[in-house]
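Below: the structure, in structure tokens.
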Amino acid sequence: MRSDRAAEEIKERIDIVDFISGYVQLKKSGQNWKGVCPFHAEKTPSFMVSPSKQIYHCFGCGAGGDVISFLVNHDRISFPEALQELARKAGISLQSVRQDSRSMEKNEQIRNALRDAARFYSEKLKSSPAAAKYIAARGISNESVSTFGLGYAPSGWRNLLQLLVRSGYSEEILKEAGLVVIGEKGPYDMFRERIIFPIMATNGNVIAFGGRAMDDSLPKYINSPETAVFRKSETLYGIHAAKEAIRRQEQVIVTEGYMDVIMCHQYGFSNAVAPLGTSFTSGHAAKLRKLVKNVIVVFDGDSAGIAAAKRALPLFIQNDLDARILILPDREDPDSFLRKHGREAFGGLLKKAVNMVDFVLSYSKGQRSSVVRELLSLIAGMPDILEAEQMLVELAGRTRISESALRDEFRKLRKGQKAGTDAPAAVKQEAGRIPEEELLLSIAIASPEKIGKILELIDPGMFSDGTAATLLRKICGLFGKTGTVTLPDDSTDEERVLYTRLSVEPGFDPEFIDRTIEDCAGRICKKKLDAGFSMAGASDDLKLLNALLMEKKNLLKGKGHEKR
């Protein structure tokens with residue numbers, strides 16, 4: 001099937017709201033659905049999805065398009081890769097899709113190599129008594145081994161390397177996949193004699209690995225390096241297994257390590273995830289905010305765990321996450337606590353997770369005034385003023401400091417934090433649009449049956465905005481050939497932004513659509529005539545002036561709007 005035909009069939013079979021809901025938490029907003037944009041950091045949702053047009057648009061950064069462009073931009077893959085992925089979901093057979101670049105082929109080879117490596121490690125786990133003994137000693141069930149794809153990298157320097165080279169992979173691809181290391185004596189396996197934890201993307205594809213020593217060898221854990229398909233600061237371990245439970249429960253549990261996540265799932269807390277051996281980052285927070293608002297952060301009960309929780313607080317606030325913190329008893333983590341005390345006891349602790357005010361007051365050292373200022377600074381960064389208000393009231397009650405004093409300091413801090421930032425380029429491009437031209441273009445997109453009436457009254461060449469004029473011509477041409485209106489394949493970035501924005505926010509009342517067309521066409525004609533009068537007056541062109549006067553007279557009589 002040709003790629004253009006396949007793309008149209010994919011868009012017919014896959015509902016864009018259902019698909020994007022797998023990546024972004026969407027809520028009904030009128031005829032559309034709204035959520036937090038996955039393409040830029042924002043606090044107030046401005047990302048809209050139109051089920052009628054099968055299009056998305058962000059009013060914050062200008063991102064927009066259809067289900068295919070969403071996957072291309074979200075997963076940072078090429079158009080053919082996205083087409084292949086969506087075709088599988090839609091049950092469409094693609095015999096051939098033209099490859100558009102060498103990088104696409106390379107990324108596909110990297111993904112395939114990671115997939116085959118995961119199979120190799122899985123098979124080796126089944127055949128290794130020592131690895132099986134370690135898995136059993138850690139209390140990991142067979143179901144968890146399967147859910148998380150656990151494996152074993154045997155001792156030896158080139159087991160995986162030799163297997164994958166025989167399978168047709170080049171040493172360069174294996175290096176770029178993070179599976180082999182190039183040393184002085186040549187390439188050798190990255191992971192050796194370790195339990196393997198495959199790291200998977202939201203869709204379940206393996207994108208990296210973590211390896212844990214089975215004894216006291218150091219380092220205890222090693223992770224794959226960042227690659228073309230893996231970014232550590234944006235990846236959460238267990239997200240592939242947790243995403244459905246997160247959406248269903250409207251809450252996520254954030255732990256610190258692989259085993260914490262596995263044990264949480266094994267004991268019934270299947271909404272647990274963890275960063276990858278690194279501190280919680282803004283990338284992790286942004287990823288969670290696309291799925292949910294409520295977070296319970298579970299940290300180990302030592303000084304390092306408390307410090308990690310404190311570092312994460314501003315990230316939760318900046319991403320509008322409602323975070324509660326649970327500090328476990330000293331020398332405990334979710335893994336050890338669950339195996340010692342069980343599901344009910346851990347569930348009881350989760351219910352005792354505290355909010356930001358309680359946590360900072362309980363675990364911060366130093367003078368009371370500095371602790372309160374620390375809290376006020378955090379509260380001032382909250383995007384939701386009502387939530388900030390609630391925190392201020394609670395802080396006043398806990399500290400017995402007057403609300404008025406806290407509010408004065410809060411206002412100063414909030415004012416200082418509201419430093420203006422430049423609007424995104426795509427938003428700046430929207431400035432200066434002509435309302436009448438946008439309305440006519442919007443009507444052509446939403447009600448293509450009115451295109452004929454629009455063209456009777458005005459020509460796109462009369463538009464002051466070149467982008468709007470070109471887009472209207474393309475839409476009219478498409479409608480004339482196919483009888484339908486979609487985002488033109490040859491759209492520029494500016495045209496795409498304008499099309500998707502008007503698709504999710506038409507801006508006209510359908511009840512008065514004919515009057516709107518006539519009024520907009522009349523105003524555009526009048527503006528063009530006024531501009532012509534200025535030019536004729538400046539050049540003393542009496543012939544042009546008389547022609548313009550006649551045209552204006554006809555316009556005023558209701559006989560105007562003829563195309564010029």
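Starting from 1 in every chain, residues are counted up; chains themselves are A, B, ... following the order of the structure tokens, and ligands are numbered from 1 as listed.
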Those of region 253-402 of chain A in DSSP helix (DSSP H, G or I), formatted as a ChimeraX atom specification: /A:258-266,282-289,303-318,334-351,356-363,368-380,385-399
Store the residues picked out above, limited to C-alpha atoms, as an mmCIF file, in the first residue's frame.
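Output file out_27.cif follows:
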```cif
data_model
loop_
_atom_site.group_PDB
_atom_site.id
_atom_site.type_symbol
_atom_site.label_atom_id
_atom_site.label_comp_id
_atom_site.auth_asym_id
_atom_site.auth_seq_id
_atom_site.Cartn_x
_atom_site.Cartn_y
_atom_site.Cartn_z
ATOM 1 C CA TYR A 258 13.999 -1.040 39.933
ATOM 2 C CA MET A 259 13.289 -3.474 42.769
ATOM 3 C CA ASP A 260 11.017 -0.969 44.487
ATOM 4 C CA VAL A 261 8.869 -0.760 41.353
ATOM 5 C CA ILE A 262 8.804 -4.520 40.816
ATOM 6 C CA MET A 263 7.787 -5.253 44.425
ATOM 7 C CA CYS A 264 5.121 -2.543 44.395
ATOM 8 C CA HIS A 265 3.553 -4.120 41.313
ATOM 9 C CA GLN A 266 3.929 -7.620 42.740
ATOM 10 C CA SER A 282 11.920 18.098 35.344
ATOM 11 C CA GLY A 283 11.717 15.686 32.396
ATOM 12 C CA HIS A 284 10.323 12.998 34.689
ATOM 13 C CA ALA A 285 7.828 15.447 36.210
ATOM 14 C CA ALA A 286 6.664 16.626 32.785
ATOM 15 C CA LYS A 287 6.176 13.022 31.657
ATOM 16 C CA LEU A 288 4.040 12.241 34.709
ATOM 17 C CA ARG A 289 1.945 15.394 34.291
ATOM 18 C CA SER A 303 19.347 11.433 54.922
ATOM 19 C CA ALA A 304 19.856 10.831 51.197
ATOM 20 C CA GLY A 305 16.161 10.006 50.743
ATOM 21 C CA ILE A 306 15.065 13.138 52.609
ATOM 22 C CA ALA A 307 17.441 15.297 50.564
ATOM 23 C CA ALA A 308 16.148 13.729 47.326
ATOM 24 C CA ALA A 309 12.562 14.489 48.339
ATOM 25 C CA LYS A 310 13.448 18.122 49.013
ATOM 26 C CA ARG A 311 15.141 18.495 45.638
ATOM 27 C CA ALA A 312 12.074 17.098 43.878
ATOM 28 C CA LEU A 313 9.547 19.496 45.452
ATOM 29 C CA PRO A 314 10.148 22.475 43.107
ATOM 30 C CA LEU A 315 9.868 20.147 40.100
ATOM 31 C CA PHE A 316 6.462 18.923 41.221
ATOM 32 C CA ILE A 317 5.299 22.496 41.754
ATOM 33 C CA GLN A 318 6.597 23.763 38.402
ATOM 34 C CA PRO A 334 9.534 -0.195 49.363
ATOM 35 C CA ASP A 335 11.207 -3.456 48.341
ATOM 36 C CA SER A 336 12.326 -4.415 51.841
ATOM 37 C CA PHE A 337 9.246 -3.046 53.597
ATOM 38 C CA LEU A 338 6.778 -4.917 51.389
ATOM 39 C CA ARG A 339 8.597 -8.225 51.759
ATOM 40 C CA LYS A 340 8.786 -7.818 55.556
ATOM 41 C CA HIS A 341 5.383 -6.338 56.331
ATOM 42 C CA GLY A 342 3.160 -6.952 53.304
ATOM 43 C CA ARG A 343 0.580 -5.088 51.251
ATOM 44 C CA GLU A 344 -1.737 -3.880 54.027
ATOM 45 C CA ALA A 345 1.033 -2.277 56.065
ATOM 46 C CA PHE A 346 2.476 -0.496 53.024
ATOM 47 C CA GLY A 347 -0.979 0.691 51.992
ATOM 48 C CA GLY A 348 -1.423 2.119 55.486
ATOM 49 C CA LEU A 349 1.816 4.079 55.139
ATOM 50 C CA LEU A 350 0.739 5.479 51.763
ATOM 51 C CA LYS A 351 -2.381 6.886 53.388
ATOM 52 C CA MET A 356 4.568 19.794 51.174
ATOM 53 C CA VAL A 357 3.931 21.938 54.258
ATOM 54 C CA ASP A 358 3.997 18.997 56.662
ATOM 55 C CA PHE A 359 7.062 17.493 55.033
ATOM 56 C CA VAL A 360 9.217 20.634 55.030
ATOM 57 C CA LEU A 361 8.242 21.555 58.603
ATOM 58 C CA SER A 362 8.971 18.021 59.806
ATOM 59 C CA TYR A 363 12.254 17.388 58.020
ATOM 60 C CA ARG A 368 11.923 28.524 62.051
ATOM 61 C CA SER A 369 11.898 31.741 60.020
ATOM 62 C CA SER A 370 14.174 30.314 57.307
ATOM 63 C CA VAL A 371 12.064 27.153 57.076
ATOM 64 C CA VAL A 372 8.883 29.242 56.685
ATOM 65 C CA ARG A 373 10.523 31.355 53.972
ATOM 66 C CA GLU A 374 11.585 28.159 52.203
ATOM 67 C CA LEU A 375 7.971 27.020 52.220
ATOM 68 C CA LEU A 376 6.640 30.388 51.104
ATOM 69 C CA SER A 377 9.032 30.373 48.180
ATOM 70 C CA LEU A 378 7.726 26.957 47.133
ATOM 71 C CA ILE A 379 4.093 27.993 47.550
ATOM 72 C CA ALA A 380 4.701 31.158 45.509
ATOM 73 C CA ILE A 385 -3.670 30.229 43.132
ATOM 74 C CA LEU A 386 -6.470 28.351 44.944
ATOM 75 C CA GLU A 387 -4.095 25.549 45.907
ATOM 76 C CA ALA A 388 -1.552 28.147 47.010
ATOM 77 C CA GLU A 389 -4.249 29.793 49.139
ATOM 78 C CA GLN A 390 -5.012 26.479 50.820
ATOM 79 C CA MET A 391 -1.317 25.941 51.564
ATOM 80 C CA LEU A 392 -1.025 29.438 53.075
ATOM 81 C CA VAL A 393 -3.936 28.796 55.425
ATOM 82 C CA GLU A 394 -2.400 25.485 56.481
ATOM 83 C CA LEU A 395 1.021 27.085 56.981
ATOM 84 C CA ALA A 396 -0.493 29.773 59.189
ATOM 85 C CA GLY A 397 -2.237 27.132 61.273
ATOM 86 C CA ARG A 398 0.870 24.979 61.660
ATOM 87 C CA THR A 399 3.276 27.802 62.490
#
```
Within 8 Å of Phe120 (chain A), counting only C-alpha atoms, which residues qualify if same-chain residues fewer than 4 places away don't, as a compact mmCIF listing (two decimals) with N, CA and C atoms, in the first residue's frame?
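Dumped to result-v2.txt:
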```txt
# COMPACT_ATOMS: atom_id res chain seq x y z
N ASP A 116 16.40 -7.92 20.37
CA ASP A 116 17.04 -9.22 20.32
C ASP A 116 17.94 -9.45 21.53
N LYS A 124 18.93 -16.60 28.81
CA LYS A 124 20.05 -16.93 29.70
C LYS A 124 19.61 -17.00 31.16
N GLY A 151 16.19 -10.54 32.87
CA GLY A 151 17.10 -11.45 32.20
C GLY A 151 18.42 -11.57 32.95
N LEU A 160 27.00 -11.80 23.90
CA LEU A 160 25.97 -11.09 23.15
C LEU A 160 26.53 -10.55 21.84
```
Region 36-179 of chain A: residues DSSP assigns to strand (DSSP E or B), reported as a ChimeraX atom specification: /A:47-50,55-58,64-65,151-153
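Residue nearest Ala242 (chain A) within the list A:Val497, A:Leu218, A:Val273, A:Val254: A:Val273 [criterion: smallest interatomic distance, only C-alpha atoms].
All residues of protein, DNA or RNA that reach within 8 Å of region 446-449 of chain A, judged by only C-alpha atoms and not counting those fewer than 3 positions away in the chain, are Ser442, Ile443, Gly452, Phe479, Thr484, Val485, Ser503 and Pro506 of chain A.
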